[in-house]
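Enquirer: Can you keep this structure in mind? I'll have questions shortly.
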Amino acid sequence: MKITAARVLVCCPGRNFVTLLVETDQGVTGIGDATLNGRELAVASYLTDHVIPNLIGRDPSRIEDMWQFLYRGSYWRRGPVQLSAVSAVDTALWDIKAKMAGMPLYQLLGGKSRERVLVYGHANGGTLEETVEAVGRYIDMGYKAIRAQSGIPGIEKAYGVARGTLHYEPADAALPTETVWDTPKYLRFAPKLFEALRKEYGEEPELLHDVHHRLTPNEAAQLGKSLEDYRLFWMEDPTPAENQQAFRLIRERTTTPIAVGEIFNTIWDAKELIENQLIDYIRTTVLRAGGITHLRRIADLASLYQIRTGSHGATDLSPVTMGAALHFDTWVPNFGIQEYMRHSDETDAVFPHDYHFADGFLHCGETPGHGVTIDEELAAKYPYSPAQLPVARLEDGTMWSW
Ligand code: CS2
Ligand code: MG
């Protein structure tokens with residue numbers, strides 16, 4: 001079996017997506033997602049100019065060897081651009097293998113470990129009251145787990161809050177929107193939000209919260225402690241993880257569970273966090289961390305330390321990633337939860353898929369492969385539109401982590 005052609009499609013059905021199609025001499029095509037929010041064209045070029053010429057004529061069934069060739073074989077390795085490209089190839093090759101086998105992808109991984117995949121949705125509001133209401137709407141839709149983000153008094157354009165009634169889409173302008181951050185205001189506000197949520201909805205709904213790398217380790221420990229009474233499912237990205245040891249300071253001072261890893265690209269980014277049991281959930285995804293092939297290694301390492309998976313699933317990961325992730329989630333023994341930020345109707349129409357939501361869970365389909373395709377004709381109607389993620393500064397102008 002041989003790869004005969006590969007193509008990159010960039011489209012913008014409501015937001016930008018980069019999709020890789022790998023064609024074979026058996027007439028089977030595999031599809032992978034290569035979207036890197038705000039840096040889409042860098043990955044498209046990495047694929048088109050540097051990866052695709054290497055794919056032609058190779059055997060697509062040699063997934064592991066291809067992974068090693070593209071990662072180890074590349075002298076300049078690691079980072080989000082390379083690994084998003086490698087992930088797209090890997091996802092497309094698993095799609096091809098499963099289609100050739102006539103099986104849904106989870107079967108090739110070892111079969112089902114569960115019947116359905118617990119997901120969390122995104123509730124947000126401009127004020128505490130609006131956020132409480134938004135969480136109620138998610139409960140009404142059947143969600144068992146809900147992430148709550150809120151506008152914060154005195155902070156303009158807080159992370160995670162949608163403008164108008166639209167879903168939250170942070171990449172909102174061709175050049176980054178400037179936002180302002182204030183840690184003391186946030187630390188005073190956050191416990192009030194979760195106190196109000198528990199008061200309104202009781203003990204049962206799982207509540208999650210994303211700190212989005214904004215705090216120092218000590219501040220993160222303060223936040224974690226102040227939220228302990230409200231029993232969060234997790235506190236996400238409490239501090240940047242470049243220095244993995246920083247999490248020791250948080251871990252030693254609070255029992256609030258910690259989730260990290262949506263921006264990680266390899267097992268090396270998570271190694272110390274996992275081996276020292278500094279986190280509870282690892283958020284690496286099929287798309288950002290080397291496809292199914294590498295994510296499986298990360299999940300296996302995590303399983304030795306009773307750390308569970310909680311894959312990133314924001315809207316900037318295309319339905320192709322969601323489809324592949326759901327097969328992974330259906331198989332992986334140490335599954336925790338899957339993020340599920342709903343795509344817009346335009347996005348869903350461009351990427352027909354066989355997964356579906358019911359009663360707070362996503363169910364992957366039984367179509368051979370990962371179950372997601374692309375309608376190329378429709379995609380062509382939505383050309384690429386430049387959009388970058390915002391940046392954050394402190395009130396005095398200092399650059400901060402967004
Ligand atoms: C987030 C994302 O979903 C999450 O947890 O942190 O919204 C993140 O900001 C985007 O994926 C950035 O592209
Ligand atoms: Mg996050």
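Each chain of the structure tokens is named A, B, ... in the order shown, its residues numbered from 1; ligands are numbered from 1 in display order.
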Check which residues fall inside 12 Å of ligand 2 when counting only C-alpha atoms and all ligand atoms, and print them as number ranges by chain.
Expert: A: 122, 147-149, 159-160, 170, 208-214, 234-240, 258-264, 282-285, 310-316, 339-341, 402
Enquirer: Determine which residues of range 154-259 of chain A receive a DSSP assignment of strand (DSSP E or B), computed from the backbone, and state them as a list in words.
Expert: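 Those in range 154-259 of chain A that DSSP calls strand (DSSP E or B) are Ile155, Ala173, Glu178, Thr179, Val180, Trp181, Glu206, Leu207, Leu208, His209, Asp210, Trp234, Met235, Glu236, Ile258 and Ala259 of chain A.
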Enquirer: Would you tabulate, counting only C-alpha atoms, all residues of range 49-159 of chain A that have an atom at most 7 Å from an atom of range 10-29 of chain A, showing the closest pair of atoms and their distance in Å to one decimal, sorted by chain then ascending number, as JSON lines?
Expert:
```
{"residue": "A:Ala88", "atom": "CA", "partner": "A:Leu20", "partner_atom": "CA", "distance": 6.3}
{"residue": "A:Ala92", "atom": "CA", "partner": "A:Val22", "partner_atom": "CA", "distance": 6.5}
{"residue": "A:Ile96", "atom": "CA", "partner": "A:Thr29", "partner_atom": "CA", "distance": 6.2}
```
Enquirer: Could you write out that same residue set with C-alpha atoms as a PDB file, in the first residue's frame?
Expert:
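Written out: again38.pdb:
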```pdb
ATOM      1  CA  ALA A  88      -2.380  15.382  11.612  1.00  0.00           C
ATOM      2  CA  ALA A  92      -4.870  10.409   9.030  1.00  0.00           C
ATOM      3  CA  ILE A  96      -6.692   4.841   6.907  1.00  0.00           C
TER       4      ILE A  96
END
```
Enquirer: For Arg251 in chain A, which residue among A:Ile374, A:Met1, A:Ile279, A:Ala299 is the nearest when counting only C-alpha atoms?
Expert: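 Closest residue, counting only C-alpha atoms: A:Ile279.
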Enquirer: Name the residues in contact with Leu93 in chain A at a cut-off of 9 Å, using only C-alpha atoms, excluding same-chain residues fewer than 6 positions from it; report them as a ChimeraX atom specification.
Expert: /A:22,29-32,60-63
Enquirer: Given the selection you just returned, output its residues as a file containing all heavy atoms, formatted as a CSV table (one decimal), in the first residue's frame.
Expert:
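In the end it all went to result39.csv:
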```csv
chain,number,residue,atom,x,y,z
A,22,VAL,N,-4.8,12.5,3.3
A,22,VAL,CA,-3.8,11.6,2.8
A,22,VAL,C,-4.5,10.6,1.9
A,22,VAL,O,-5.3,9.8,2.4
A,22,VAL,CB,-3.0,11.0,3.9
A,22,VAL,CG1,-2.0,10.0,3.4
A,22,VAL,CG2,-2.4,12.0,4.8
A,29,THR,N,-8.9,7.3,1.8
A,29,THR,CA,-8.3,8.6,2.2
A,29,THR,C,-8.4,8.7,3.7
A,29,THR,O,-9.4,8.4,4.3
A,29,THR,CB,-9.1,9.8,1.5
A,29,THR,OG1,-8.9,9.6,0.1
A,29,THR,CG2,-8.5,11.1,1.9
A,30,GLY,N,-7.3,9.2,4.3
A,30,GLY,CA,-7.3,9.5,5.7
A,30,GLY,C,-7.3,11.0,6.0
A,30,GLY,O,-6.8,11.7,5.2
A,31,ILE,N,-8.0,11.4,7.1
A,31,ILE,CA,-8.1,12.8,7.4
A,31,ILE,C,-7.5,13.1,8.8
A,31,ILE,O,-7.8,12.4,9.8
A,31,ILE,CB,-9.6,13.2,7.4
A,31,ILE,CG1,-10.1,12.9,6.0
A,31,ILE,CG2,-9.7,14.7,7.7
A,31,ILE,CD1,-11.5,13.3,5.8
A,32,GLY,N,-6.7,14.2,8.9
A,32,GLY,CA,-6.2,14.6,10.1
A,32,GLY,C,-6.4,16.1,10.3
A,32,GLY,O,-6.4,16.9,9.4
A,60,PRO,N,1.4,3.7,4.2
A,60,PRO,CA,0.7,4.3,5.3
A,60,PRO,C,0.4,3.4,6.4
A,60,PRO,O,0.0,3.9,7.5
A,60,PRO,CB,-0.6,4.8,4.6
A,60,PRO,CG,-0.8,3.8,3.5
A,60,PRO,CD,0.6,3.5,3.0
A,61,SER,N,0.6,2.1,6.3
A,61,SER,CA,0.3,1.2,7.4
A,61,SER,C,1.4,1.2,8.4
A,61,SER,O,1.2,0.7,9.5
A,61,SER,CB,0.1,-0.2,6.8
A,61,SER,OG,1.3,-0.8,6.4
A,62,ARG,N,2.6,1.8,8.1
A,62,ARG,CA,3.7,1.8,9.0
A,62,ARG,C,3.6,3.1,9.9
A,62,ARG,O,4.4,4.0,9.8
A,62,ARG,CB,5.0,1.8,8.3
A,62,ARG,CG,5.2,0.4,7.6
A,62,ARG,CD,6.5,0.3,6.9
A,62,ARG,NE,7.6,0.4,7.8
A,62,ARG,CZ,8.9,0.2,7.4
A,62,ARG,NH1,9.2,-0.2,6.2
A,62,ARG,NH2,9.8,0.4,8.3
A,63,ILE,N,2.6,3.2,10.7
A,63,ILE,CA,2.2,4.4,11.5
A,63,ILE,C,3.4,4.7,12.4
A,63,ILE,O,3.8,5.9,12.5
A,63,ILE,CB,0.9,4.2,12.2
A,63,ILE,CG1,-0.2,4.0,11.2
A,63,ILE,CG2,0.6,5.5,13.0
A,63,ILE,CD1,-1.6,3.7,11.9
```
Enquirer: Using only C-alpha atoms, which of A:Tyr230, A:Tyr201, A:Tyr46, A:Tyr120 sits nearest Asp359 in chain A?
Expert: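 Residue with the minimum atom-to-atom distance to Asp359 in chain A: A:Tyr120.
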Enquirer: Taking only C-alpha atoms into account, which of A:Arg297, A:His356, A:His343, A:Lys185 comes nearest Ile155 in chain A?
Expert: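 Of the candidates, the smallest distance to Ile155 in chain A is held by A:Lys185.
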Enquirer: Tell me, as a count of residues only, which residues lie within 9 Å of Arg248 in chain A, counting only C-alpha atoms; anything in the same chain fewer than 2 positions away does not count.
Expert: 11
Enquirer: Can you work out the spacing between CA of Val81 in chain A and CA of Asp33 in chain A in Å, to one decimal?
Expert: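 Separating CA of Val81 in chain A from CA of Asp33 in chain A is a distance of 12.4 Å.
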Enquirer: May I have all residues of range 36-90 of chain A that DSSP, computed from the backbone, assigns to alpha helix (DSSP H), given as a VMD selection string?
Expert: chain A and resid 40 to 45 52 to 55 63 to 71 80 to 90
Enquirer: Return the single residue from A:Arg198, A:His370, A:Arg39, A:Arg296 that is closest to ligand 1, with distances computed using only C-alpha atoms and all ligand atoms.
Expert: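 Between A:Arg198, A:His370, A:Arg39, A:Arg296, the residue approaching ligand 1 most closely is A:Arg39.
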Enquirer: Please report the interatomic distance between CA of Asp90 in chain A and CA of Gly291 in chain A in Å with one decimal.
Expert: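 Interatomic distance here is 5.2 Å.
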Enquirer: Pick the closest to ligand 1 from A:Gly142, A:Gly38, A:Gly151, A:Pro257: which is it, counting only C-alpha atoms and all ligand atoms?
Expert: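 Smallest distance to ligand 1 is found for A:Gly38.
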Enquirer: Could you check which of A:Leu108, A:Leu326, A:Met66, A:Ala123 is closest to Gly365 in chain A, using only C-alpha atoms?
Expert: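 Of A:Leu108, A:Leu326, A:Met66, A:Ala123, the one nearest Gly365 in chain A is A:Leu326, counting only C-alpha atoms.
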Enquirer: Considering only C-alpha atoms, return as JSON, numbers by chain whatever protein or nucleic-acid residues lie within 8 Å of Thr48 in chain A, sequence-local ones (same chain, fewer than 5 positions apart) excluded.
Expert: {"A": [7, 8, 53]}
